[in-house]
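Peer 1: The structure is given below, and queries will be raised subsequently.
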Amino acid sequence: MKSTQLIHTPFGEESTAAEVIKGIDLSGKHAVVTGASSGLGAETARALASAGASVTLAVRNTDAGELTAIDIRKATDNDGVHVRPLDLVDQASIAAFTSFWAGPLHILVNNAGVMALPALDRTPEGWELQFASNHLGHFALALGLHDALAAAGDARIVSLSSRGHHASPVEFDDINFNSRPYDPWLAYGQSKTANVLFAVGASSHWAADGITANAVHPGVIMSTNLSRHMDPEQAAQLRAAEAAGEDGSILGAPFRFKTTAQGAATSVLVATSPQLEGIGGRYFEDCNEAETLTPEAVGASSGGAAPFALDPDAAERLWALSLAAVGA
C-alpha cells in the first residue's frame with residue numbers, strides 16, 4: 001500500500017538533469033530511452049551516459065538517432081551509446097526490438113510521445129493513435145523487456161506522463177472515440193492518464209521481480225518536437241509568452257516554461273536517485289513526488305496528480321485491456 005508520506009528531494013523545478021545525476025555512478029548499468037533522437041529523450045540519455053551507463057536510443061529515425069548518439073559520445077566520453085529502430089505503433093517493430101535485447105536492463109525510460117493530434121487517427125487495429133503510441137506501444141515494449149528488467153534485480157521504469165492527464169481519465173467505454181466527438185486534448189489527456197496507471201500497474205504486477213515504475217511530468221518545454229501537432233496559433237502564443245519571460249497557460253492552468261535540461265531532470269531523478277529505491281506507483285513533478293489532488297482541484301491546478309490516475313482499480317482494468325490489445 002502506498003505510504004501517505006510524499007517523497008521530497010533536494011531538487012526542484014529549476015534543477016537540471018546534470019545536477020540531479022551528479023555523484024551517481026551507473027557504470028555497468030544498461031538503459032533504454034525511447035524517443036531519444038532529440039529533446040527530452042536526448043537530454044535524458046545524455047545524463048545517463050554521463051554517469052557511465054550504456055544507453056540505447058530507441059528511435060523511429062535512426063539517422064537522427066545516430067547523430068544524437070555521436071554528440072552524446074563526444075560530450076560524455078562514453079562509447080556505450082547505441083541506436084536501435086523502434087516504432088511504437090508497430091507491434092512488429094516492438095517485437096523486433098525486444099527480441100534483439102540480450103542481458104539485464106536496469107533503466108527503461110518511456111519518453112517518446114505525440115500530443116494533441118488535430119484530427120482523429122487510428123492504428124490499423126483501431127486504436128486511437130495517441131493512446132496507441134503513448135501507452136500501448138510502451139506497454140508492449142515493457143512487457144517484451146520484462147525478463148531483462150527482472151534480470152537486473154532492481155530495475156526502474158520511468159513513464160512520462162504530463163499535467164495534461166488532468167484533462168481526462170481513461171474512458172474505458174470509448175477509448176477510441178467511436179461514439180463521442182474527438183478532441184485532441186481529451187485524447188492526449190487520456191493517454192497521459194494511462195501512462196500514470198501503467199506505473200501503478202507495473203509496480204503492482206512486477207514488484208516481486210524487483211521492478212518499480214513511476215510516472216513523471218517533465219514540465220512544458222516548447223523547444224521539443226512534442227508540440228509539433230499543436231494548434232499553430234496556440235503554439236505561437238506560448239512561444240511568445242516564453243520569449244517574454246512570462247508564464248504560459250494550457251487547459252486553463254498556468255505554468256512556468258522549462259528548458260530541456262530542466263525538463264529531463266525529473267525523469268533522470270526518478271531513474272537514478274537512491275531515495276527512490278524500491279519505490280513505485282507514484283507520480284513526480286519538479287523533481288519531487290506530487291500531491292494527489294481532490295477531484296474538485298483537477299483541471300484548476302497547475303500541478304498535482306488527479307486521483308483517477310492513481311486509482312489501483314483503474315490500473316488493473318487498464319492492465320487487462322492492454323494485455324488483450326497487444327495479444328499477450
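Labels used: A, B, ... for chains in the order of the C-alpha cells, numbers from 1 for residues in each chain, and numbers from 1 for ligands as shown.
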If we count only C-alpha atoms, what is near region 286-296 of chain A at a cut-off of 10 Å, once residues fewer than 6 positions away on the same chain are taken out, given as a ChimeraX atom specification?
Peer 2: /A:4-17,20,166,214-219,262-270,303-310
Peer 1: Give me a file of those residues, with C-alpha atoms, as an mmCIF file, in the first residue's frame.
Peer 2:
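File written: selection_17.cif
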```cif
data_model
loop_
_atom_site.group_PDB
_atom_site.id
_atom_site.type_symbol
_atom_site.label_atom_id
_atom_site.label_comp_id
_atom_site.auth_asym_id
_atom_site.auth_seq_id
_atom_site.Cartn_x
_atom_site.Cartn_y
_atom_site.Cartn_z
ATOM 1 C CA THR A 4 0.938 8.827 2.681
ATOM 2 C CA GLN A 5 4.407 10.332 3.100
ATOM 3 C CA LEU A 6 5.391 12.246 -0.032
ATOM 4 C CA ILE A 7 8.964 11.913 -1.231
ATOM 5 C CA HIS A 8 10.869 15.181 -1.088
ATOM 6 C CA THR A 9 14.325 15.621 -2.623
ATOM 7 C CA PRO A 10 16.907 18.437 -2.516
ATOM 8 C CA PHE A 11 15.924 19.385 -6.072
ATOM 9 C CA GLY A 12 13.154 21.475 -7.587
ATOM 10 C CA GLU A 13 11.592 22.900 -10.741
ATOM 11 C CA GLU A 14 14.762 24.701 -11.867
ATOM 12 C CA SER A 15 17.099 21.750 -11.311
ATOM 13 C CA THR A 16 18.741 20.247 -14.388
ATOM 14 C CA ALA A 17 19.390 16.656 -15.385
ATOM 15 C CA VAL A 20 20.323 15.598 -10.183
ATOM 16 C CA HIS A 166 -5.956 16.231 -15.761
ATOM 17 C CA ASN A 214 6.937 5.714 -11.582
ATOM 18 C CA ALA A 215 5.317 8.394 -13.723
ATOM 19 C CA VAL A 216 6.688 11.896 -14.259
ATOM 20 C CA HIS A 217 5.506 15.240 -15.560
ATOM 21 C CA PRO A 218 8.550 16.903 -17.146
ATOM 22 C CA GLY A 219 7.005 20.354 -17.450
ATOM 23 C CA GLN A 262 15.244 21.199 -16.602
ATOM 24 C CA GLY A 263 12.533 19.124 -18.259
ATOM 25 C CA ALA A 264 14.691 15.988 -18.248
ATOM 26 C CA ALA A 265 15.620 16.396 -14.587
ATOM 27 C CA THR A 266 12.586 14.645 -13.105
ATOM 28 C CA SER A 267 12.982 11.635 -15.416
ATOM 29 C CA VAL A 268 16.664 11.335 -14.551
ATOM 30 C CA LEU A 269 15.985 11.682 -10.836
ATOM 31 C CA VAL A 270 13.276 9.007 -10.871
ATOM 32 C CA GLY A 303 0.243 20.602 -10.788
ATOM 33 C CA GLY A 304 -0.527 17.517 -8.772
ATOM 34 C CA ALA A 305 -1.898 14.102 -9.627
ATOM 35 C CA ALA A 306 -5.544 13.512 -10.467
ATOM 36 C CA PRO A 307 -6.930 10.787 -8.195
ATOM 37 C CA PHE A 308 -8.255 8.827 -11.185
ATOM 38 C CA ALA A 309 -4.677 8.483 -12.468
ATOM 39 C CA LEU A 310 -3.544 6.677 -9.307
#
```
Peer 1: I want to know what sits within 10 Å of Asn134 (chain A), based on only C-alpha atoms, with residues of the same chain fewer than 6 positions away left out; could you give that as a list in words?
Peer 2: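 So, after excluding close chain neighbours, the residues are Leu88, Val89, Asn110, Asn111, Ala112, Gly113, Val114, Met115, Ser159, Leu160, Ser161, Tyr188, Gln190, Ser191, Lys192, Ala194 and Asn195 of chain A.
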Peer 1: Could the residues in this selection be saved with all heavy atoms as a short mmCIF file (atom, residue, chain, number, x, y, z; two decimals), in the first residue's frame?
Peer 2:
```cif
data_model
loop_
_atom_site.label_atom_id
_atom_site.label_comp_id
_atom_site.auth_asym_id
_atom_site.auth_seq_id
_atom_site.Cartn_x
_atom_site.Cartn_y
_atom_site.Cartn_z
N LEU A 88 6.61 2.76 -32.08
CA LEU A 88 5.72 2.35 -31.01
C LEU A 88 4.30 2.05 -31.46
O LEU A 88 3.50 1.53 -30.66
CB LEU A 88 5.71 3.42 -29.91
CG LEU A 88 7.00 3.49 -29.08
CD1 LEU A 88 7.05 4.78 -28.29
CD2 LEU A 88 7.12 2.28 -28.16
N VAL A 89 3.94 2.36 -32.69
CA VAL A 89 2.61 1.98 -33.17
C VAL A 89 2.69 0.77 -34.10
O VAL A 89 1.70 0.40 -34.73
CB VAL A 89 1.89 3.15 -33.88
CG1 VAL A 89 1.63 4.27 -32.89
CG2 VAL A 89 2.68 3.65 -35.07
N ASN A 110 10.36 5.42 -20.76
CA ASN A 110 9.32 5.50 -21.79
C ASN A 110 9.03 6.97 -22.06
O ASN A 110 8.07 7.54 -21.53
CB ASN A 110 8.07 4.76 -21.34
CG ASN A 110 8.28 3.26 -21.29
OD1 ASN A 110 9.15 2.72 -21.98
ND2 ASN A 110 7.50 2.57 -20.47
N ASN A 111 9.86 7.56 -22.90
CA ASN A 111 9.87 9.01 -23.11
C ASN A 111 9.11 9.47 -24.35
O ASN A 111 8.53 10.55 -24.36
CB ASN A 111 11.33 9.48 -23.20
CG ASN A 111 11.46 10.90 -23.71
OD1 ASN A 111 11.36 11.86 -22.96
ND2 ASN A 111 11.67 11.05 -25.01
N ALA A 112 9.11 8.67 -25.39
CA ALA A 112 8.52 9.09 -26.67
C ALA A 112 7.04 9.38 -26.53
O ALA A 112 6.35 8.80 -25.68
CB ALA A 112 8.76 8.03 -27.73
N GLY A 113 6.53 10.26 -27.37
CA GLY A 113 5.11 10.53 -27.33
C GLY A 113 4.66 11.50 -28.41
O GLY A 113 5.47 12.17 -29.05
N VAL A 114 3.35 11.53 -28.61
CA VAL A 114 2.73 12.50 -29.50
C VAL A 114 1.68 13.26 -28.71
O VAL A 114 1.13 12.74 -27.73
CB VAL A 114 2.10 11.84 -30.74
CG1 VAL A 114 3.18 11.24 -31.63
CG2 VAL A 114 1.09 10.78 -30.34
N MET A 115 1.38 14.49 -29.13
CA MET A 115 0.47 15.33 -28.35
C MET A 115 -0.47 16.10 -29.25
O MET A 115 -0.07 16.68 -30.26
CB MET A 115 1.28 16.34 -27.51
CG MET A 115 0.44 17.27 -26.65
SD MET A 115 1.43 18.39 -25.63
CE MET A 115 2.02 19.55 -26.89
N SER A 159 7.87 6.37 -16.64
CA SER A 159 6.75 6.54 -17.58
C SER A 159 6.42 8.02 -17.69
O SER A 159 5.91 8.61 -16.73
CB SER A 159 5.54 5.74 -17.08
OG SER A 159 4.45 5.85 -17.97
N LEU A 160 6.74 8.62 -18.84
CA LEU A 160 6.49 10.05 -18.99
C LEU A 160 5.01 10.33 -19.19
O LEU A 160 4.41 9.90 -20.18
CB LEU A 160 7.31 10.65 -20.14
CG LEU A 160 8.60 11.31 -19.63
CD1 LEU A 160 9.62 10.26 -19.25
CD2 LEU A 160 9.15 12.29 -20.63
N SER A 161 4.45 11.03 -18.25
CA SER A 161 3.07 11.47 -18.32
C SER A 161 3.08 12.96 -18.57
O SER A 161 3.96 13.50 -19.24
CB SER A 161 2.33 11.10 -17.03
OG SER A 161 0.99 11.51 -17.09
N TYR A 188 -5.23 13.24 -25.73
CA TYR A 188 -3.90 13.33 -25.13
C TYR A 188 -3.97 13.08 -23.64
O TYR A 188 -3.18 12.30 -23.08
CB TYR A 188 -3.29 14.69 -25.42
CG TYR A 188 -1.92 14.90 -24.80
CD1 TYR A 188 -0.82 14.17 -25.24
CD2 TYR A 188 -1.73 15.83 -23.77
CE1 TYR A 188 0.44 14.35 -24.68
CE2 TYR A 188 -0.48 16.02 -23.21
CZ TYR A 188 0.60 15.28 -23.66
OH TYR A 188 1.83 15.45 -23.09
N GLN A 190 -6.19 11.46 -21.89
CA GLN A 190 -6.47 10.05 -21.64
C GLN A 190 -5.20 9.20 -21.74
O GLN A 190 -4.94 8.34 -20.89
CB GLN A 190 -7.50 9.55 -22.65
CG GLN A 190 -7.73 8.06 -22.63
CD GLN A 190 -8.82 7.63 -23.59
OE1 GLN A 190 -9.90 7.25 -23.17
NE2 GLN A 190 -8.54 7.71 -24.89
N SER A 191 -4.39 9.47 -22.75
CA SER A 191 -3.15 8.69 -22.92
C SER A 191 -2.16 8.97 -21.81
O SER A 191 -1.42 8.07 -21.37
CB SER A 191 -2.52 9.00 -24.29
OG SER A 191 -1.90 10.27 -24.32
N LYS A 192 -2.15 10.20 -21.31
CA LYS A 192 -1.23 10.54 -20.22
C LYS A 192 -1.70 9.98 -18.88
O LYS A 192 -0.88 9.63 -18.03
CB LYS A 192 -1.07 12.06 -20.15
CG LYS A 192 -0.37 12.68 -21.35
CD LYS A 192 1.10 12.30 -21.44
CE LYS A 192 1.42 11.22 -22.42
NZ LYS A 192 2.87 10.91 -22.49
N ALA A 194 -3.21 7.14 -18.79
CA ALA A 194 -2.80 5.74 -18.97
C ALA A 194 -1.33 5.55 -18.61
O ALA A 194 -0.96 4.50 -18.05
CB ALA A 194 -3.04 5.31 -20.42
N ASN A 195 -0.49 6.55 -18.88
CA ASN A 195 0.93 6.45 -18.52
C ASN A 195 1.12 6.36 -17.01
O ASN A 195 2.02 5.66 -16.53
CB ASN A 195 1.70 7.64 -19.07
CG ASN A 195 1.84 7.65 -20.57
OD1 ASN A 195 1.90 8.70 -21.20
ND2 ASN A 195 1.86 6.47 -21.20
#
```
Peer 1: Taking 6 positions as the minimum chain separation for residues in the same chain, which residues sit within 9 Å of Ala315 (chain A) when counting only C-alpha atoms? Answer as a PDB file with N, CA, C and O atoms, in the first residue's frame.
Peer 2:
```
ATOM      1  N   ALA A 194      -3.210   7.140 -18.794  1.00  0.00           N
ATOM      2  CA  ALA A 194      -2.795   5.742 -18.971  1.00  0.00           C
ATOM      3  C   ALA A 194      -1.331   5.554 -18.606  1.00  0.00           C
ATOM      4  O   ALA A 194      -0.956   4.502 -18.047  1.00  0.00           O
ATOM      5  N   VAL A 196       0.298   7.088 -16.258  1.00  0.00           N
ATOM      6  CA  VAL A 196       0.388   7.013 -14.796  1.00  0.00           C
ATOM      7  C   VAL A 196      -0.156   5.664 -14.318  1.00  0.00           C
ATOM      8  O   VAL A 196       0.455   4.996 -13.469  1.00  0.00           O
ATOM      9  N   LEU A 197      -1.302   5.265 -14.854  1.00  0.00           N
ATOM     10  CA  LEU A 197      -1.889   3.991 -14.449  1.00  0.00           C
ATOM     11  C   LEU A 197      -0.969   2.822 -14.777  1.00  0.00           C
ATOM     12  O   LEU A 197      -0.935   1.819 -14.050  1.00  0.00           O
ATOM     13  N   PHE A 198      -0.208   2.938 -15.863  1.00  0.00           N
ATOM     14  CA  PHE A 198       0.761   1.885 -16.178  1.00  0.00           C
ATOM     15  C   PHE A 198       1.795   1.758 -15.061  1.00  0.00           C
ATOM     16  O   PHE A 198       2.164   0.638 -14.663  1.00  0.00           O
ATOM     17  N   ALA A 199       2.284   2.893 -14.556  1.00  0.00           N
ATOM     18  CA  ALA A 199       3.264   2.852 -13.467  1.00  0.00           C
ATOM     19  C   ALA A 199       2.674   2.186 -12.229  1.00  0.00           C
ATOM     20  O   ALA A 199       3.351   1.408 -11.541  1.00  0.00           O
ATOM     21  N   VAL A 200       1.408   2.480 -11.943  1.00  0.00           N
ATOM     22  CA  VAL A 200       0.732   1.853 -10.805  1.00  0.00           C
ATOM     23  C   VAL A 200       0.618   0.345 -11.039  1.00  0.00           C
ATOM     24  O   VAL A 200       0.938  -0.471 -10.162  1.00  0.00           O
ATOM     25  N   GLY A 201       0.187  -0.032 -12.236  1.00  0.00           N
ATOM     26  CA  GLY A 201       0.001  -1.441 -12.546  1.00  0.00           C
ATOM     27  C   GLY A 201       1.297  -2.228 -12.598  1.00  0.00           C
ATOM     28  O   GLY A 201       1.388  -3.345 -12.069  1.00  0.00           O
ATOM     29  N   ALA A 202       2.313  -1.652 -13.223  1.00  0.00           N
ATOM     30  CA  ALA A 202       3.595  -2.352 -13.340  1.00  0.00           C
ATOM     31  C   ALA A 202       4.221  -2.572 -11.974  1.00  0.00           C
ATOM     32  O   ALA A 202       4.790  -3.643 -11.696  1.00  0.00           O
ATOM     33  N   ALA A 309      -5.902   8.989 -11.852  1.00  0.00           N
ATOM     34  CA  ALA A 309      -4.677   8.483 -12.468  1.00  0.00           C
ATOM     35  C   ALA A 309      -3.911   7.531 -11.559  1.00  0.00           C
ATOM     36  O   ALA A 309      -3.037   6.794 -12.028  1.00  0.00           O
TER      37      ALA A 309
END
```
Peer 1: Please identify all polymer residues within 12 Å of Leu129 (chain A), counting only C-alpha atoms, omitting same-chain residues fewer than 3 positions from it, and present them as a PyMOL selection string.
Peer 2: chain A and resi 88-90+113-126+132-137+175-177+182+184+187-188+190-191
Peer 1: Determine which residues of region 59-171 of chain A DSSP labels as helix (DSSP H, G or I) from the backbone of this structure, then write them out as a PyMOL selection string.
Peer 2: chain A and resi 62-76+91-100+129-144+146-152+163-167
Peer 1: Could those selected residues go to a file with C-alpha atoms, as a tab-separated table (two decimals), in the first residue's frame?
Peer 2:
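Result file part-v2.tsv:
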```tsv
chain	number	residue	atom	x	y	z
A	62	THR	CA	17.80	6.02	-36.87
A	63	ASP	CA	19.73	8.59	-38.93
A	64	ALA	CA	18.75	11.32	-36.48
A	65	GLY	CA	19.43	8.92	-33.64
A	66	GLU	CA	22.95	8.24	-34.87
A	67	LEU	CA	23.72	11.96	-34.98
A	68	THR	CA	22.48	12.32	-31.41
A	69	ALA	CA	24.48	9.28	-30.32
A	70	ILE	CA	27.66	10.77	-31.81
A	71	ASP	CA	27.02	14.00	-29.94
A	72	ILE	CA	26.41	12.18	-26.64
A	73	ARG	CA	29.52	10.01	-27.05
A	74	LYS	CA	31.65	13.08	-27.60
A	75	ALA	CA	30.06	15.06	-24.76
A	76	THR	CA	30.31	12.25	-22.19
A	91	GLN	CA	3.87	-4.24	-32.90
A	92	ALA	CA	6.32	-5.96	-35.26
A	93	SER	CA	8.86	-3.19	-34.66
A	94	ILE	CA	8.43	-3.52	-30.90
A	95	ALA	CA	8.82	-7.29	-31.10
A	96	ALA	CA	11.99	-6.90	-33.17
A	97	PHE	CA	13.45	-4.52	-30.59
A	98	THR	CA	12.67	-6.73	-27.60
A	99	SER	CA	13.88	-9.88	-29.38
A	100	PHE	CA	17.18	-8.16	-30.10
A	129	LEU	CA	-3.21	6.99	-32.23
A	130	GLN	CA	-2.21	8.94	-29.11
A	131	PHE	CA	-3.40	6.13	-26.84
A	132	ALA	CA	-1.68	3.58	-29.08
A	133	SER	CA	1.64	5.40	-29.25
A	134	ASN	CA	1.89	6.92	-25.79
A	135	HIS	CA	0.51	3.94	-23.84
A	136	LEU	CA	0.02	0.70	-25.74
A	137	GLY	CA	3.37	0.85	-27.53
A	138	HIS	CA	5.25	1.46	-24.31
A	139	PHE	CA	3.20	-1.22	-22.54
A	140	ALA	CA	4.19	-3.77	-25.20
A	141	LEU	CA	7.81	-2.65	-25.00
A	142	ALA	CA	7.98	-3.04	-21.22
A	143	LEU	CA	6.19	-6.38	-21.42
A	144	GLY	CA	8.66	-7.64	-24.01
A	146	HIS	CA	10.18	-7.81	-18.64
A	147	ASP	CA	12.67	-10.66	-18.34
A	148	ALA	CA	15.60	-8.32	-18.97
A	149	LEU	CA	14.26	-5.90	-16.35
A	150	ALA	CA	13.76	-8.74	-13.87
A	151	ALA	CA	17.31	-9.95	-14.52
A	152	ALA	CA	18.63	-6.60	-13.31
A	163	ARG	CA	-0.05	17.58	-16.27
A	164	GLY	CA	-2.28	17.14	-19.30
A	165	HIS	CA	-3.59	13.94	-17.70
A	166	HIS	CA	-5.96	16.23	-15.76
A	167	ALA	CA	-7.98	16.58	-18.97
```
Peer 1: Just to confirm, what's the straight-line distance from CA of Leu323 (chain A) to CA of Val170 (chain A) in Å (one decimal)?
Peer 2: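 For CA of Leu323 (chain A) relative to CA of Val170 (chain A), the distance reads 15.7 Å.
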Peer 1: Show which residues sit within 7 Å of Ile211 (chain A), as a PyMOL selection string. Count only C-alpha atoms, and ignore same-chain residues fewer than 5 positions away.
Peer 2: chain A and resi 149-150+154-156+203+206
Peer 1: Create the file for the chosen residues now, containing all heavy atoms and written as a CSV table (one decimal), in the first residue's frame.
Peer 2:
```
chain,number,residue,atom,x,y,z
A,149,LEU,N,14.4,-6.8,-17.5
A,149,LEU,CA,14.3,-5.9,-16.3
A,149,LEU,C,14.3,-6.7,-15.1
A,149,LEU,O,15.0,-6.3,-14.1
A,149,LEU,CB,12.9,-5.2,-16.4
A,149,LEU,CG,12.8,-4.1,-17.5
A,149,LEU,CD1,11.3,-3.8,-17.8
A,149,LEU,CD2,13.5,-2.8,-17.2
A,150,ALA,N,13.7,-7.9,-15.1
A,150,ALA,CA,13.8,-8.7,-13.9
A,150,ALA,C,15.2,-9.2,-13.6
A,150,ALA,O,15.6,-9.4,-12.4
A,150,ALA,CB,12.8,-9.9,-14.1
A,154,ASP,N,16.9,-4.9,-9.7
A,154,ASP,CA,16.4,-3.6,-9.1
A,154,ASP,C,16.1,-2.6,-10.2
A,154,ASP,O,16.4,-1.4,-10.2
A,154,ASP,CB,17.5,-3.0,-8.2
A,154,ASP,CG,18.8,-2.8,-8.9
A,154,ASP,OD1,19.0,-3.2,-10.0
A,154,ASP,OD2,19.7,-2.1,-8.3
A,155,ALA,N,15.4,-3.1,-11.3
A,155,ALA,CA,15.2,-2.2,-12.5
A,155,ALA,C,14.1,-1.1,-12.2
A,155,ALA,O,13.2,-1.3,-11.3
A,155,ALA,CB,14.7,-3.1,-13.6
A,156,ARG,N,14.3,0.0,-12.9
A,156,ARG,CA,13.3,1.0,-12.8
A,156,ARG,C,12.7,1.4,-14.2
A,156,ARG,O,13.5,1.4,-15.2
A,156,ARG,CB,14.0,2.3,-12.2
A,156,ARG,CG,14.5,2.1,-10.8
A,156,ARG,CD,15.0,3.4,-10.2
A,156,ARG,NE,15.7,3.3,-9.0
A,156,ARG,CZ,16.1,4.3,-8.2
A,156,ARG,NH1,15.9,5.5,-8.6
A,156,ARG,NH2,16.7,4.0,-7.1
A,203,SER,N,4.1,-1.6,-11.1
A,203,SER,CA,4.7,-1.7,-9.8
A,203,SER,C,4.0,-2.8,-9.0
A,203,SER,O,4.6,-3.5,-8.2
A,203,SER,CB,4.7,-0.4,-9.0
A,203,SER,OG,5.5,0.6,-9.6
A,206,TRP,N,4.8,-6.4,-11.0
A,206,TRP,CA,6.2,-6.8,-11.1
A,206,TRP,C,7.1,-6.5,-9.9
A,206,TRP,O,8.3,-6.6,-10.0
A,206,TRP,CB,6.8,-6.1,-12.3
A,206,TRP,CG,6.1,-6.5,-13.6
A,206,TRP,CD1,5.4,-7.6,-13.8
A,206,TRP,CD2,6.2,-5.9,-14.9
A,206,TRP,NE1,4.9,-7.7,-15.1
A,206,TRP,CE2,5.4,-6.6,-15.8
A,206,TRP,CE3,6.8,-4.7,-15.3
A,206,TRP,CZ2,5.3,-6.3,-17.2
A,206,TRP,CZ3,6.7,-4.4,-16.7
A,206,TRP,CH2,6.0,-5.1,-17.6
```
Peer 1: Could you tell me which of A:Gly280, A:Asp313, A:Ser168, A:Thr260 comes closest to Gly39 (chain A) if we count only C-alpha atoms?
Peer 2: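 Under the stated criterion, the closest residue is A:Thr260.
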Peer 1: Could you please determine the separation between CA of Arg317 (chain A) and CA of Asp173 (chain A) in Å, to one decimal place?
Peer 2: 11.7 Å
Peer 1: Would you compute the distance between CA of Pro312 (chain A) and CA of Ser204 (chain A)? Give it in Å to one decimal.
Peer 2: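 That distance, rounded to one decimal, is 8.8 Å.
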Peer 1: List the spatial neighbours of Ala53 (chain A) as a list in words - criterion: any atom at most 8 Å away, only C-alpha atoms, same-chain residues fewer than 2 positions off excluded.
Peer 2: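 Everything that qualifies: Leu26, Ser27, Gly28, Lys29, His30, Ala31, Leu48, Ala49, Ser50, Ala51, Val55 and Gly80 of chain A.
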Peer 1: Can I get the selected residues back with C-alpha atoms, as a compact mmCIF listing (two decimals), in the first residue's frame?
Peer 2:
```
# COMPACT_ATOMS: atom_id res chain seq x y z
CA LEU A 26 25.86 3.99 -13.39
CA SER A 27 28.87 2.02 -14.59
CA GLY A 28 27.79 -1.46 -15.66
CA LYS A 29 24.14 -0.41 -15.93
CA HIS A 30 22.11 -0.62 -19.13
CA ALA A 31 19.39 1.84 -20.09
CA LEU A 48 22.56 8.67 -18.05
CA ALA A 49 25.60 8.26 -20.31
CA SER A 50 27.47 10.94 -18.37
CA ALA A 51 27.15 8.73 -15.27
CA VAL A 55 22.43 3.71 -23.22
CA GLY A 80 28.44 2.81 -24.92
```
Peer 1: With only C-alpha atoms as the counted atoms, please give the residues lying no more than 9 Å from Val59 (chain A), apart from itself and same-chain residues fewer than 6 positions off, as a PyMOL selection string.
Peer 2: chain A and resi 33-37+65+83-87+112
Peer 1: Using N, CA and C atoms, can you write the selected residues to a file as a JSON list (two decimals), in the first residue's frame?
Peer 2:
```
[["chain", "number", "residue", "atom", "x", "y", "z"],
["A", 33, "VAL", "N", 16.15, 4.44, -23.70],
["A", 33, "VAL", "CA", 15.36, 5.67, -23.69],
["A", 33, "VAL", "C", 14.64, 5.75, -25.03],
["A", 34, "THR", "N", 13.32, 5.76, -25.02],
["A", 34, "THR", "CA", 12.57, 5.88, -26.27],
["A", 34, "THR", "C", 12.46, 7.35, -26.68],
["A", 35, "GLY", "N", 12.37, 7.56, -27.99],
["A", 35, "GLY", "CA", 12.26, 8.93, -28.49],
["A", 35, "GLY", "C", 13.47, 9.77, -28.14],
["A", 36, "ALA", "N", 14.65, 9.18, -28.22],
["A", 36, "ALA", "CA", 15.86, 9.84, -27.73],
["A", 36, "ALA", "C", 16.70, 10.49, -28.82],
["A", 37, "SER", "N", 16.13, 10.72, -29.99],
["A", 37, "SER", "CA", 16.92, 11.37, -31.04],
["A", 37, "SER", "C", 16.97, 12.89, -30.86],
["A", 65, "GLY", "N", 18.93, 9.54, -34.86],
["A", 65, "GLY", "CA", 19.43, 8.92, -33.64],
["A", 65, "GLY", "C", 20.94, 8.77, -33.63],
["A", 83, "VAL", "N", 22.12, 2.87, -30.97],
["A", 83, "VAL", "CA", 20.86, 3.26, -31.60],
["A", 83, "VAL", "C", 20.17, 2.02, -32.15],
["A", 84, "ARG", "N", 18.88, 1.89, -31.85],
["A", 84, "ARG", "CA", 18.08, 0.80, -32.40],
["A", 84, "ARG", "C", 16.75, 1.35, -32.89],
["A", 85, "PRO", "N", 16.23, 0.81, -34.01],
["A", 85, "PRO", "CA", 14.94, 1.29, -34.52],
["A", 85, "PRO", "C", 13.77, 0.83, -33.65],
["A", 86, "LEU", "N", 12.81, 1.72, -33.47],
["A", 86, "LEU", "CA", 11.60, 1.38, -32.71],
["A", 86, "LEU", "C", 10.47, 2.29, -33.14],
["A", 87, "ASP", "N", 9.38, 1.68, -33.59],
["A", 87, "ASP", "CA", 8.16, 2.40, -33.92],
["A", 87, "ASP", "C", 7.08, 1.90, -32.97],
["A", 112, "ALA", "N", 9.11, 8.67, -25.39],
["A", 112, "ALA", "CA", 8.52, 9.09, -26.67],
["A", 112, "ALA", "C", 7.04, 9.38, -26.53]]
```
Peer 1: Run DSSP on the backbone and grab whatever in region 2-98 of chain A lands in strand (DSSP E); send it over as a PyMOL selection string.
Peer 2: chain A and resi 30-34+54-59+81-85
Peer 1: Using only C-alpha atoms, which of A:Gly23, A:Trp127, A:Thr212, A:Leu40 sits nearest Ala271 (chain A)?
Peer 2: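 Looking only at the distances to Ala271 (chain A), the closest residue turns out to be A:Thr212.
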Peer 1: Looking at A:Phe172, A:Trp185, A:Ser162, A:Ala213, which one is nearest to Leu108 (chain A), with distances taken over only C-alpha atoms?
Peer 2: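 For Leu108 (chain A), the nearest of the given residues is A:Ala213.
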